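S.K.: You'll find entry-v6.txt just under this line, and it carries compact mmCIF, C-alpha atoms.
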# COMPACT_ATOMS: atom_id res chain seq x y z
CA MET A 1 38.24 -184.66 121.10
CA ARG A 2 41.56 -185.90 122.51
CA ASN A 3 41.28 -189.15 120.49
CA LYS A 4 40.64 -187.18 117.30
CA LEU A 5 43.71 -185.04 117.90
CA LYS A 6 45.74 -188.18 118.61
CA ALA A 7 44.63 -189.78 115.33
CA TYR A 8 45.71 -186.71 113.36
CA ARG A 9 48.73 -185.91 115.53
CA PHE A 10 51.35 -186.80 112.94
CA PRO A 11 49.62 -185.04 109.99
CA ILE A 12 49.22 -181.98 112.24
CA ILE A 13 52.94 -182.08 113.10
CA LEU A 14 53.80 -182.38 109.40
CA LEU A 15 51.51 -179.49 108.52
CA PHE A 16 53.00 -177.39 111.32
CA SER A 17 56.54 -178.11 110.12
CA ILE A 18 55.60 -177.13 106.56
CA ILE A 19 54.07 -173.87 107.82
CA VAL A 20 57.13 -173.11 109.97
CA GLY A 21 59.42 -173.88 107.02
CA SER A 22 57.37 -171.63 104.75
CA ILE A 23 57.58 -168.78 107.28
CA ILE A 24 61.35 -169.22 107.49
CA GLY A 25 61.51 -169.10 103.70
CA LEU A 26 59.45 -165.90 103.57
CA ILE A 27 61.60 -164.23 106.24
CA PHE A 28 65.06 -165.22 105.02
CA GLY A 29 64.39 -165.55 101.29
CA GLU A 30 67.08 -167.33 99.28
CA LYS A 31 69.33 -167.53 102.36
CA ALA A 32 66.98 -170.28 103.63
CA GLY A 33 68.49 -172.53 100.96
CA VAL A 34 71.32 -173.27 103.36
CA ILE A 35 69.12 -175.85 105.16
CA LYS A 36 67.90 -177.49 101.93
CA PRO A 37 70.28 -180.48 102.38
CA LEU A 38 68.19 -181.49 105.41
CA GLY A 39 65.21 -181.75 103.06
CA ASP A 40 67.21 -183.55 100.37
CA LEU A 41 68.25 -186.11 102.98
CA PHE A 42 64.60 -186.99 103.65
CA ILE A 43 63.77 -187.33 99.95
CA ASN A 44 66.82 -189.51 99.30
CA LEU A 45 65.92 -191.78 102.23
CA LEU A 46 62.44 -192.34 100.75
CA PHE A 47 63.75 -193.08 97.28
CA MET A 48 66.43 -195.35 98.76
CA ILE A 49 63.89 -197.72 100.32
CA VAL A 50 61.01 -197.52 97.84
CA VAL A 51 62.14 -200.42 95.60
CA PRO A 52 62.48 -203.12 98.31
CA LEU A 53 59.42 -201.74 100.10
CA VAL A 54 57.21 -202.11 97.03
CA PHE A 55 58.57 -205.55 96.19
CA PHE A 56 58.19 -207.11 99.63
CA THR A 57 54.80 -205.59 100.49
CA ILE A 58 53.10 -206.42 97.19
CA ALA A 59 54.69 -209.87 96.72
CA SER A 60 53.90 -210.77 100.35
CA ALA A 61 50.28 -209.60 100.08
CA VAL A 62 49.69 -211.64 96.90
CA ALA A 63 51.54 -214.74 98.17
CA ASN A 64 49.46 -214.85 101.36
CA MET A 65 46.02 -214.40 99.78
CA ASP A 66 44.37 -217.41 101.45
CA SER A 67 41.62 -215.18 102.87
CA MET A 68 40.65 -214.10 99.33
CA ARG A 69 39.77 -217.55 98.00
CA ARG A 70 36.12 -217.20 99.00
CA LEU A 71 33.42 -216.72 96.44
CA GLY A 72 34.99 -216.03 93.07
CA LYS A 73 31.90 -214.18 91.89
CA ILE A 74 32.08 -211.76 94.81
CA MET A 75 35.77 -211.12 94.12
CA GLY A 76 35.24 -210.55 90.40
CA SER A 77 32.31 -208.21 90.94
CA MET A 78 34.13 -206.38 93.73
CA ILE A 79 37.31 -205.75 91.71
CA THR A 80 35.28 -204.52 88.74
CA ILE A 81 33.32 -202.08 90.91
CA PHE A 82 36.47 -200.87 92.69
CA VAL A 83 38.14 -200.11 89.35
CA VAL A 84 35.06 -198.45 87.82
CA THR A 85 34.41 -196.22 90.84
CA GLY A 86 38.11 -195.34 90.97
CA ILE A 87 38.02 -194.28 87.32
CA ILE A 88 34.87 -192.21 87.93
CA ALA A 89 36.50 -190.47 90.93
CA SER A 90 39.64 -189.75 88.88
CA VAL A 91 37.65 -188.32 85.96
CA PHE A 92 35.54 -186.28 88.39
CA MET A 93 38.66 -184.56 89.75
CA LEU A 94 40.20 -184.35 86.28
CA ILE A 95 37.25 -182.29 85.05
CA ALA A 96 37.53 -180.04 88.12
CA THR A 97 41.27 -179.44 87.62
CA VAL A 98 40.79 -178.67 83.93
CA MET A 99 38.03 -176.18 84.78
CA PHE A 100 39.93 -174.69 87.75
CA PRO A 101 43.68 -175.08 87.11
CA THR A 102 45.92 -175.34 90.17
CA GLY A 103 49.65 -174.80 90.56
CA SER A 104 49.88 -172.21 87.81
CA GLY A 105 51.67 -169.39 89.61
CA ALA A 106 55.14 -170.49 90.72
CA ASP A 107 56.43 -171.62 87.30
CA ILE A 108 59.41 -173.59 88.60
CA PRO A 109 61.67 -174.36 85.62
CA LEU A 110 61.83 -178.01 84.59
CA GLU A 111 65.15 -179.18 83.23
CA THR A 112 64.81 -181.41 80.17
CA PRO A 113 67.48 -183.15 78.11
CA GLU A 114 68.60 -181.30 74.99
CA GLU A 115 68.04 -184.35 72.79
CA MET A 116 64.99 -186.53 73.31
CA GLU A 117 64.63 -189.83 71.45
CA GLU A 118 61.32 -190.37 69.70
CA VAL A 119 59.52 -193.44 71.06
CA THR A 120 56.39 -195.03 69.58
CA PHE A 121 53.35 -195.66 71.78
CA ALA A 122 53.85 -199.44 71.56
CA ASP A 123 57.51 -199.15 72.58
CA GLN A 124 56.53 -196.82 75.41
CA LEU A 125 54.08 -199.43 76.72
CA VAL A 126 56.77 -202.13 76.61
CA GLN A 127 59.28 -199.88 78.41
CA THR A 128 56.70 -198.88 81.02
CA PHE A 129 55.59 -202.39 82.01
CA THR A 130 58.77 -204.42 81.45
CA VAL A 131 62.56 -204.10 81.65
CA PRO A 132 65.19 -205.88 79.53
CA ASP A 133 67.32 -206.92 82.49
CA PHE A 134 66.56 -208.00 86.07
CA ILE A 135 68.92 -205.43 87.54
CA ASP A 136 66.83 -202.64 85.97
CA LEU A 137 64.06 -203.50 88.44
CA PHE A 138 66.20 -201.92 91.15
CA SER A 139 65.66 -198.47 89.63
CA ARG A 140 62.77 -196.32 90.83
CA SER A 141 62.35 -195.24 87.19
CA ASN A 142 60.78 -198.66 86.46
CA MET A 143 58.11 -198.66 89.16
CA LEU A 144 55.31 -200.28 87.12
CA ALA A 145 57.62 -203.06 85.94
CA LEU A 146 58.59 -203.64 89.58
CA ILE A 147 54.92 -203.87 90.61
CA ILE A 148 54.17 -206.41 87.87
CA PHE A 149 57.24 -208.46 88.84
CA SER A 150 56.20 -208.35 92.51
CA VAL A 151 52.69 -209.57 91.64
CA LEU A 152 54.12 -212.42 89.52
CA VAL A 153 56.43 -213.49 92.35
CA GLY A 154 53.49 -213.45 94.78
CA VAL A 155 51.23 -215.43 92.43
CA ALA A 156 53.92 -218.02 91.72
CA THR A 157 54.66 -218.40 95.44
CA GLY A 158 50.98 -218.97 96.21
CA LEU A 159 50.42 -221.40 93.33
CA ILE A 160 53.17 -223.86 94.31
CA GLY A 161 51.52 -224.40 97.70
CA LYS A 162 53.51 -226.02 100.51
CA PRO A 163 56.98 -225.67 98.88
CA GLY A 164 56.37 -221.92 98.67
CA LYS A 165 55.49 -221.47 102.35
CA THR A 166 59.08 -220.79 103.41
CA PHE A 167 59.51 -218.16 100.71
CA ALA A 168 56.11 -216.65 101.56
CA ASN A 169 57.26 -216.34 105.17
CA PHE A 170 60.45 -214.65 103.95
CA LEU A 171 58.39 -212.17 101.93
CA ALA A 172 56.14 -211.49 104.92
CA SER A 173 59.18 -210.96 107.15
CA GLY A 174 60.77 -208.62 104.59
CA SER A 175 57.52 -206.70 104.36
CA GLU A 176 57.48 -206.19 108.13
CA VAL A 177 61.13 -205.06 108.13
CA PHE A 178 60.60 -202.42 105.46
CA MET A 179 57.36 -201.25 107.06
CA LYS A 180 59.40 -200.57 110.18
CA ILE A 181 62.13 -198.82 108.16
CA ILE A 182 59.65 -196.44 106.57
CA GLN A 183 58.15 -195.80 110.00
CA LEU A 184 61.62 -194.85 111.26
CA VAL A 185 62.25 -192.61 108.24
CA MET A 186 58.92 -190.86 108.78
CA TYR A 187 60.08 -189.70 112.21
CA TYR A 188 62.45 -187.43 110.31
CA ALA A 189 59.71 -186.16 107.96
CA PRO A 190 58.83 -183.00 109.96
CA ILE A 191 62.46 -181.80 109.85
CA GLY A 192 62.96 -182.84 106.21
CA LEU A 193 59.75 -181.30 104.87
CA GLY A 194 60.17 -178.16 107.00
CA ALA A 195 63.70 -177.60 105.70
CA TYR A 196 62.69 -178.29 102.12
CA PHE A 197 59.79 -175.85 102.21
CA ALA A 198 61.97 -173.18 103.80
CA ALA A 199 64.30 -173.40 100.80
CA LEU A 200 61.45 -173.71 98.29
CA ILE A 201 59.45 -170.72 99.54
CA GLY A 202 62.68 -168.78 100.01
CA GLU A 203 63.42 -169.22 96.31
CA PHE A 204 59.98 -168.91 94.75
CA GLY A 205 58.15 -166.71 97.26
CA THR A 206 54.44 -166.44 97.90
CA ALA A 207 53.30 -167.65 94.46
CA LEU A 208 53.64 -171.28 95.56
CA ILE A 209 51.64 -170.65 98.76
CA GLY A 210 48.83 -169.21 96.62
CA ASP A 211 48.90 -172.35 94.48
CA TYR A 212 48.43 -174.55 97.55
CA ALA A 213 45.46 -172.45 98.59
CA LYS A 214 43.91 -172.95 95.13
CA ALA A 215 44.51 -176.70 95.31
CA ILE A 216 42.80 -176.98 98.71
CA ILE A 217 39.91 -174.80 97.54
CA VAL A 218 39.41 -177.19 94.61
CA TYR A 219 39.76 -180.46 96.57
CA TYR A 220 37.40 -179.91 99.47
CA PRO A 221 34.28 -178.94 97.44
CA VAL A 222 34.98 -181.61 94.79
CA SER A 223 35.41 -184.40 97.38
CA ILE A 224 32.24 -183.31 99.19
CA LEU A 225 30.31 -183.19 95.91
CA TYR A 226 31.58 -186.65 94.99
CA PHE A 227 30.58 -187.90 98.43
CA PHE A 228 26.99 -186.66 98.08
CA ILE A 229 26.35 -186.91 94.31
CA GLY A 230 28.52 -189.94 93.45
CA PHE A 231 27.49 -192.08 96.40
CA THR A 232 23.82 -191.18 95.99
CA LEU A 233 24.03 -192.31 92.35
CA TYR A 234 25.78 -195.56 93.32
CA ALA A 235 23.19 -196.25 96.04
CA PHE A 236 20.38 -195.60 93.53
CA ILE A 237 21.93 -198.03 91.03
CA ALA A 238 22.26 -200.60 93.82
CA GLY A 239 18.73 -200.33 95.24
CA GLY A 240 16.70 -197.48 93.75
CA LYS A 241 15.11 -194.93 96.08
CA LYS A 242 15.06 -197.46 98.89
CA GLY A 243 18.79 -198.02 98.46
CA VAL A 244 19.46 -194.26 98.63
CA SER A 245 17.33 -193.94 101.76
CA ARG A 246 19.01 -196.84 103.56
CA PHE A 247 22.49 -195.74 102.57
CA TRP A 248 22.15 -192.20 103.91
CA LYS A 249 20.30 -193.40 106.99
CA ASN A 250 23.25 -195.59 108.01
CA ILE A 251 26.36 -193.99 106.49
CA LEU A 252 26.73 -190.91 108.70
CA SER A 253 28.23 -192.91 111.58
CA PRO A 254 31.03 -194.44 109.42
CA ALA A 255 31.61 -191.02 107.84
CA ALA A 256 32.02 -189.36 111.25
CA THR A 257 34.25 -192.22 112.47
CA SER A 258 36.54 -191.96 109.46
CA LEU A 259 36.86 -188.21 109.92
CA GLY A 260 37.62 -188.67 113.63
CA THR A 261 40.13 -191.52 113.30
CA GLY A 262 41.71 -190.70 109.95
CA SER A 263 41.73 -194.44 109.17
CA SER A 264 39.68 -196.70 106.89
CA ILE A 265 40.80 -199.71 108.95
CA ALA A 266 39.62 -198.11 112.19
CA THR A 267 36.25 -197.39 110.53
CA LEU A 268 35.79 -201.04 109.47
CA PRO A 269 33.73 -202.23 112.51
CA VAL A 270 31.30 -199.31 112.10
CA ASN A 271 31.15 -199.91 108.35
CA LEU A 272 30.31 -203.60 108.85
CA GLN A 273 27.50 -202.64 111.21
CA ALA A 274 26.14 -200.08 108.73
CA ALA A 275 26.23 -202.60 105.85
CA LYS A 276 24.35 -205.12 107.99
CA LYS A 277 21.61 -202.58 108.72
CA ILE A 278 21.39 -201.70 105.02
CA GLY A 279 20.82 -205.38 104.23
CA VAL A 280 24.10 -206.42 102.60
CA PRO A 281 24.49 -210.22 103.04
CA LYS A 282 27.08 -211.44 105.54
CA ASP A 283 29.35 -213.19 103.03
CA ILE A 284 29.48 -210.09 100.80
CA ARG A 285 29.98 -207.47 103.50
CA GLU A 286 32.65 -209.55 105.27
CA THR A 287 34.57 -209.95 102.01
CA VAL A 288 34.13 -206.55 100.36
CA LEU A 289 34.52 -204.24 103.38
CA PRO A 290 37.79 -205.61 104.85
CA LEU A 291 39.40 -205.74 101.41
CA GLY A 292 37.94 -202.35 100.51
CA ALA A 293 39.55 -200.84 103.60
CA THR A 294 42.95 -201.59 102.07
CA ILE A 295 42.53 -201.66 98.28
CA HIS A 296 39.59 -199.34 97.48
CA MET A 297 40.31 -195.63 97.84
CA ASP A 298 38.14 -193.23 95.81
CA GLY A 299 39.33 -190.35 97.97
CA SER A 300 42.94 -191.25 97.16
CA CYS A 301 42.07 -191.27 93.44
CA LEU A 302 40.65 -187.76 93.83
CA SER A 303 43.77 -186.49 95.61
CA ALA A 304 46.18 -188.25 93.21
CA MET A 305 44.59 -186.47 90.23
CA LEU A 306 44.83 -183.15 92.06
CA LYS A 307 48.53 -183.78 92.81
CA ILE A 308 49.23 -184.57 89.15
CA ALA A 309 47.46 -181.46 87.88
CA PHE A 310 49.13 -179.35 90.59
CA VAL A 311 52.67 -180.51 89.89
CA PHE A 312 52.15 -180.06 86.13
CA GLY A 313 51.20 -176.43 86.75
CA VAL A 314 54.04 -175.78 89.18
CA PHE A 315 56.64 -177.13 86.75
CA ASN A 316 55.02 -175.35 83.79
CA LYS A 317 54.10 -178.57 81.94
CA ASP A 318 51.08 -178.79 79.66
CA PHE A 319 48.34 -180.76 81.42
CA SER A 320 46.27 -181.64 78.36
CA GLY A 321 45.85 -184.35 75.77
CA ILE A 322 44.25 -187.79 75.84
CA ASP A 323 47.53 -189.63 76.50
CA THR A 324 48.35 -187.36 79.45
CA PHE A 325 44.85 -187.78 80.89
CA LEU A 326 44.81 -191.58 80.44
CA THR A 327 48.22 -191.89 82.11
CA ALA A 328 46.97 -189.70 84.96
CA ILE A 329 43.87 -191.89 85.44
CA GLY A 330 46.07 -195.01 85.42
CA ILE A 331 48.36 -193.55 88.09
CA CYS A 332 45.30 -192.56 90.16
CA LEU A 333 44.03 -196.14 90.05
CA LEU A 334 47.42 -197.46 91.12
CA SER A 335 47.56 -194.91 93.93
CA GLY A 336 44.00 -195.66 95.05
CA ILE A 337 43.96 -199.43 94.65
CA VAL A 338 47.42 -201.01 94.37
CA MET A 339 49.28 -198.64 96.68
CA SER A 340 46.63 -197.96 99.29
CA GLY A 341 47.30 -201.11 101.31
CA ILE A 342 51.02 -200.35 101.68
CA PRO A 343 52.30 -198.40 104.70
CA GLY A 344 53.62 -195.16 103.26
CA GLY A 345 51.63 -195.92 100.12
CA GLY A 346 50.78 -192.25 99.72
CA PHE A 347 54.45 -191.44 99.30
CA ILE A 348 54.91 -194.34 96.90
CA GLY A 349 51.99 -193.12 94.80
CA GLU A 350 53.60 -189.68 94.76
CA MET A 351 56.92 -191.21 93.70
CA MET A 352 55.10 -192.91 90.82
CA ILE A 353 53.76 -189.52 89.70
CA VAL A 354 57.29 -188.12 89.80
CA THR A 355 58.99 -191.03 88.01
CA LEU A 356 56.39 -191.85 85.35
CA TYR A 357 56.18 -188.23 84.22
CA GLY A 358 59.95 -187.71 84.34
CA LEU A 359 59.75 -184.96 86.96
CA PRO A 360 62.73 -183.99 89.15
CA ILE A 361 62.79 -185.44 92.67
CA GLN A 362 62.15 -181.90 93.97
CA ALA A 363 58.53 -182.46 92.94
CA LEU A 364 58.02 -185.09 95.67
CA PRO A 365 57.78 -182.83 98.76
CA ILE A 366 55.75 -180.29 96.76
CA ILE A 367 52.93 -182.78 96.15
CA SER A 368 53.39 -184.56 99.49
CA ALA A 369 52.23 -181.42 101.26
CA ILE A 370 48.88 -181.66 99.43
CA GLY A 371 48.37 -185.18 100.77
CA VAL A 372 48.79 -183.96 104.34
CA VAL A 373 46.20 -181.20 103.93
CA VAL A 374 43.50 -183.19 102.09
CA ASP A 375 43.71 -186.33 104.24
CA PRO A 376 40.48 -185.91 106.32
CA PRO A 377 37.95 -185.70 103.44
CA ALA A 378 39.95 -188.27 101.44
CA THR A 379 39.68 -190.77 104.30
CA MET A 380 35.94 -190.15 104.61
CA VAL A 381 35.39 -190.81 100.88
CA ASN A 382 37.68 -193.88 101.03
CA ALA A 383 35.85 -195.50 103.95
CA THR A 384 32.24 -194.77 103.00
CA GLY A 385 32.91 -195.77 99.40
CA ASP A 386 33.42 -199.34 100.62
CA THR A 387 29.88 -199.51 102.01
CA VAL A 388 28.18 -198.37 98.82
CA SER A 389 30.43 -200.71 96.83
CA SER A 390 29.18 -203.65 98.90
CA MET A 391 25.65 -202.59 97.94
CA LEU A 392 26.61 -202.58 94.25
CA VAL A 393 28.18 -206.05 94.54
CA THR A 394 24.99 -207.35 96.19
CA ARG A 395 22.85 -205.82 93.43
CA HIS A 396 24.99 -207.51 90.80
CA LEU A 397 24.95 -210.95 92.45
CA ASP A 398 21.52 -211.13 94.12
CA GLY A 399 19.39 -209.06 91.75
CA PRO A 400 17.32 -205.89 92.19
CA ASP A 401 15.23 -207.23 95.11
CA TRP A 402 18.19 -207.98 97.39
CA MET A 403 16.96 -205.66 100.13
CA GLU A 404 13.57 -207.38 100.20
CA GLN A 405 15.39 -210.73 100.49
CA ALA A 406 17.39 -209.35 103.42
CA ASP A 407 14.24 -208.04 105.13
CA ALA A 408 12.50 -211.40 104.70
CA SER A 409 15.54 -213.22 106.05
CA ASN A 410 15.70 -210.96 109.11
CA ALA A 411 11.96 -211.37 109.73
CA SER A 412 12.12 -215.20 109.72
Hey, can you dump this file as structure tokens for me?
M.R.:
Amino acid sequence: MRNKLKAYRFPIILLFSIIVGSIIGLIFGEKAGVIKPLGDLFINLLFMIVVPLVFFTIASAVANMDSMRRLGKIMGSMITIFVVTGIIASVFMLIATVMFPTGSGADIPLETPEEMEEVTFADQLVQTFTVPDFIDLFSRSNMLALIIFSVLVGVATGLIGKPGKTFANFLASGSEVFMKIIQLVMYYAPIGLGAYFAALIGEFGTALIGDYAKAIIVYYPVSILYFFIGFTLYAFIAGGKKGVSRFWKNILSPAATSLGTGSSIATLPVNLQAAKKIGVPKDIRETVLPLGATIHMDGSCLSAMLKIAFVFGVFNKDFSGIDTFLTAIGICLLSGIVMSGIPGGGFIGEMMIVTLYGLPIQALPIISAIGVVVDPPATMVNATGDTVSSMLVTRHLDGPDWMEQADASNAS
């Protein structure tokens, strides 16, 4: 019990600070706005470091990908399955948020420019993924372009081999430095978020609290349904009834571990053991599961879609239309796959939601609070999703009788 509390100590502190801040806001009303600068300080610190953090962590990860050179077929199959399951998770939550809208009570006004230039879809794509000048990469408004540039730098560094080793070491060192910086900034998070919520609730009252309750009520049942229905379907595709039986027979231990530790990485040893008992071959489970622990996050896709729908409702924006939905799914994939391996990646994913939709920076702490509350079931879905994905990869590479092959191999 003590270990579980220790694992969730920081989220509990954050949640407590948000609750205390909300109570202060309810008691003092608009007068609580006097401490809002303490919250603005936290937000500005995050936005100040996000550009170098994203560059160094992504470029370093790509440049040092020596461990990922094994078995091109496994990698190709794995990435495809990670993307497909991430899209399914995002659509699953999208349907839920359309059926049960969240964040529809506070109606915080959203300031928009008086004159907006009409941009074609093609031009919008170009502006989203590229910038006309290198210096524009230093703006948080061009987050996707920065990610693409970081990946290109990492790929180029890895391709040139020995001459790139020094630069790869520089990238790795920079990554470590900015990981430590965000760790230091997060020590201030309880004060910053508490102050911000005091001012926010003081201004907009109980309507916002009711919206959070609705968001939590939507997330927990949807994530649990995805866990049981989605993973059962994936296990059936991977191995039929036998696959379903073996998956549920062995997955409860990883599920309980992920809930207790709050970490996909900490669940990895238990996950590897479960995959072995299911019959996933050694080369597949030892490739898919470690990578899945950092770049495959169905639970994060679920929560990212909830955050998007929530913040649209809070700021009175219309959450409808194919382009809005496709953009939301794309951001969910980036949050669940690209960003998940980065320390503080949750905040970076939330920043992407804010910047890509042109929301004010005040939206960041509003959606960050959701991430704190939904973390336990999200982690469980993230971790156990890796195991069933390894089953799907095995089915794709070794055929429908892969479990029989594993049984025969174990018997000999």
S.K.: Residues at most 9 Å from Ile278 in chain A, counting all atoms listed in the file, excluding those fewer than 5 positions away in the same chain, as a PyMOL selection string?
M.R.: chain A and resi 243+246-247+249-250+273+391+403+406
S.K.: Find the distance between CA of Gly21 in chain A and CA of Tyr196 in chain A and write it in Å to one decimal.
M.R.: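 Interatomic distance, CA of Gly21 in chain A to CA of Tyr196 in chain A: 7.4 Å.
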S.K.: For Ser17 in chain A, which residue out of A:Ile147, A:Ile191, A:Ala172, A:Val177 is the nearest one, using all atoms listed in the file?
M.R.: A:Ile191
S.K.: Work out how far apart CA of Ala199 in chain A and CA of Ile24 in chain A are and give it in Å to one decimal.
M.R.: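 Distance reported for this atom pair: 8.4 Å.
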S.K.: Choose the residue, out of A:Asp375, A:Pro221, A:Val244, A:Pro101, that has the smallest atom-to-atom separation from Val311 in chain A; count all atoms listed in the file.
M.R.: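 Smallest separation from Val311 in chain A among the options: A:Pro101.
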S.K.: Each side padded by 5 Å, which centre and which edge lengths in Å (one decimal) define the axis-aligned box around the listed atoms of range 136-152 of chain A? Give them as JSON.
M.R.:
{"center_x": 59.8, "center_y": -203.8, "center_z": 89.2, "size_x": 24.1, "size_y": 27.2, "size_z": 16.6}
S.K.: Figure out the distance between CA of Ala293 in chain A and CA of Asp386 in chain A, please, to one decimal in Å.
M.R.: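 These atoms are spaced 7.0 Å apart.
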S.K.: Which one of A:Phe315, A:Phe310, A:Phe134, A:Trp402 sits closest to Ala96 in chain A if you count only C-alpha atoms?
M.R.: A:Phe310
S.K.: List as a VMD selection string the protein and nucleic acid residues near Asn142 in chain A, meaning an atom at most 9 Å away when only C-alpha atoms are counted, but skip any in the same chain fewer than 3 places from it.
M.R.: chain A and resid 127 to 131 136 to 139 145 to 147 355 to 356
S.K.: For each of A:Tyr226, A:Ile74, A:Asp401, A:Ser175, take the minimum atom-to-atom distance to Leu289 in chain A, counting only C-alpha atoms, then give the residue where this is smallest.
M.R.: A:Ile74
S.K.: When distances are computed from all atoms listed in the file, which of A:Ile12, A:Ala408, A:Val50, A:Val388 shows the smallest separation from Gly230 in chain A?
M.R.: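 Closest to Gly230 in chain A, using all atoms listed in the file: A:Val388.
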S.K.: If we count only C-alpha atoms, what is near Ala383 in chain A at a cut-off of 7 Å, once residues fewer than 6 positions away on the same chain are taken out, given as a PDB file with C-alpha atoms, in the coordinates of the input?
M.R.:
ATOM      1  CA  SER A 258      36.540-191.960 109.460  1.00  0.00           C
ATOM      2  CA  SER A 264      39.680-196.700 106.890  1.00  0.00           C
ATOM      3  CA  THR A 267      36.250-197.390 110.530  1.00  0.00           C
ATOM      4  CA  ALA A 293      39.550-200.840 103.600  1.00  0.00           C
TER       5      ALA A 293
END
S.K.: Which residue, A:Leu144, A:Ala63, A:Ile95, A:Ile237, has the smallest gap to Leu334 in chain A when you use all atoms listed in the file?
M.R.: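 Ranking A:Leu144, A:Ala63, A:Ile95, A:Ile237 by distance to Leu334 in chain A, first place goes to A:Leu144.
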S.K.: Can you tell me which residues surround Tyr188 in chain A at a distance of at most 12 Å, considering all atoms listed in the file, apart from same-chain residues fewer than 4 positions away, and format the answer as an mmCIF file with C-alpha atoms, in the coordinates of the input?
M.R.:
data_model
loop_
_atom_site.group_PDB
_atom_site.id
_atom_site.type_symbol
_atom_site.label_atom_id
_atom_site.label_comp_id
_atom_site.auth_asym_id
_atom_site.auth_seq_id
_atom_site.Cartn_x
_atom_site.Cartn_y
_atom_site.Cartn_z
ATOM 1 C CA PHE A 10 51.350 -186.800 112.940
ATOM 2 C CA ILE A 13 52.940 -182.080 113.100
ATOM 3 C CA LEU A 14 53.800 -182.380 109.400
ATOM 4 C CA SER A 17 56.540 -178.110 110.120
ATOM 5 C CA LEU A 38 68.190 -181.490 105.410
ATOM 6 C CA GLY A 39 65.210 -181.750 103.060
ATOM 7 C CA ASP A 40 67.210 -183.550 100.370
ATOM 8 C CA LEU A 41 68.250 -186.110 102.980
ATOM 9 C CA PHE A 42 64.600 -186.990 103.650
ATOM 10 C CA ILE A 43 63.770 -187.330 99.950
ATOM 11 C CA LEU A 45 65.920 -191.780 102.230
ATOM 12 C CA LEU A 46 62.440 -192.340 100.750
ATOM 13 C CA ILE A 181 62.130 -198.820 108.160
ATOM 14 C CA ILE A 182 59.650 -196.440 106.570
ATOM 15 C CA GLN A 183 58.150 -195.800 110.000
ATOM 16 C CA LEU A 184 61.620 -194.850 111.260
ATOM 17 C CA GLY A 192 62.960 -182.840 106.210
ATOM 18 C CA LEU A 193 59.750 -181.300 104.870
ATOM 19 C CA GLY A 194 60.170 -178.160 107.000
ATOM 20 C CA ALA A 195 63.700 -177.600 105.700
#
S.K.: Find the residues near Tyr220 in chain A: any atom within 10 Å, counting only C-alpha atoms, skip ones fewer than 2 places away on the same chain, and give them as a PyMOL selection string.
M.R.: chain A and resi 215-218+222-226+303+373-374+376-378
S.K.: Rebuild range 87-98 of chain A so that it carries N, CA and C atoms, then output the result as a PDB file, keeping the file's coordinate frame.
M.R.:
ATOM      1  N   ILE A  87      37.928-195.049  88.569  1.00  0.00           N
ATOM      2  CA  ILE A  87      38.020-194.280  87.320  1.00  0.00           C
ATOM      3  C   ILE A  87      37.080-193.083  87.360  1.00  0.00           C
ATOM      4  N   ILE A  88      35.850-193.307  87.843  1.00  0.00           N
ATOM      5  CA  ILE A  88      34.870-192.210  87.930  1.00  0.00           C
ATOM      6  C   ILE A  88      35.391-191.106  88.840  1.00  0.00           C
ATOM      7  N   ALA A  89      35.957-191.473  89.998  1.00  0.00           N
ATOM      8  CA  ALA A  89      36.500-190.470  90.930  1.00  0.00           C
ATOM      9  C   ALA A  89      37.639-189.694  90.264  1.00  0.00           C
ATOM     10  N   SER A  90      38.510-190.398  89.548  1.00  0.00           N
ATOM     11  CA  SER A  90      39.640-189.750  88.880  1.00  0.00           C
ATOM     12  C   SER A  90      39.172-188.768  87.815  1.00  0.00           C
ATOM     13  N   VAL A  91      38.189-189.203  87.013  1.00  0.00           N
ATOM     14  CA  VAL A  91      37.650-188.320  85.960  1.00  0.00           C
ATOM     15  C   VAL A  91      36.934-187.125  86.575  1.00  0.00           C
ATOM     16  N   PHE A  92      36.250-187.343  87.684  1.00  0.00           N
ATOM     17  CA  PHE A  92      35.540-186.280  88.390  1.00  0.00           C
ATOM     18  C   PHE A  92      36.518-185.163  88.783  1.00  0.00           C
ATOM     19  N   MET A  93      37.667-185.557  89.365  1.00  0.00           N
ATOM     20  CA  MET A  93      38.660-184.560  89.750  1.00  0.00           C
ATOM     21  C   MET A  93      39.383-184.005  88.526  1.00  0.00           C
ATOM     22  N   LEU A  94      39.562-184.826  87.504  1.00  0.00           N
ATOM     23  CA  LEU A  94      40.200-184.350  86.280  1.00  0.00           C
ATOM     24  C   LEU A  94      39.418-183.193  85.666  1.00  0.00           C
ATOM     25  N   ILE A  95      38.102-183.358  85.595  1.00  0.00           N
ATOM     26  CA  ILE A  95      37.250-182.290  85.050  1.00  0.00           C
ATOM     27  C   ILE A  95      37.386-181.024  85.900  1.00  0.00           C
ATOM     28  N   ALA A  96      37.420-181.200  87.225  1.00  0.00           N
ATOM     29  CA  ALA A  96      37.530-180.040  88.120  1.00  0.00           C
ATOM     30  C   ALA A  96      38.859-179.318  87.925  1.00  0.00           C
ATOM     31  N   THR A  97      39.958-180.070  87.771  1.00  0.00           N
ATOM     32  CA  THR A  97      41.270-179.440  87.620  1.00  0.00           C
ATOM     33  C   THR A  97      41.444-178.784  86.259  1.00  0.00           C
ATOM     34  N   VAL A  98      40.758-179.315  85.246  1.00  0.00           N
ATOM     35  CA  VAL A  98      40.790-178.670  83.930  1.00  0.00           C
ATOM     36  C   VAL A  98      39.997-177.362  83.964  1.00  0.00           C
TER      37      VAL A  98
END
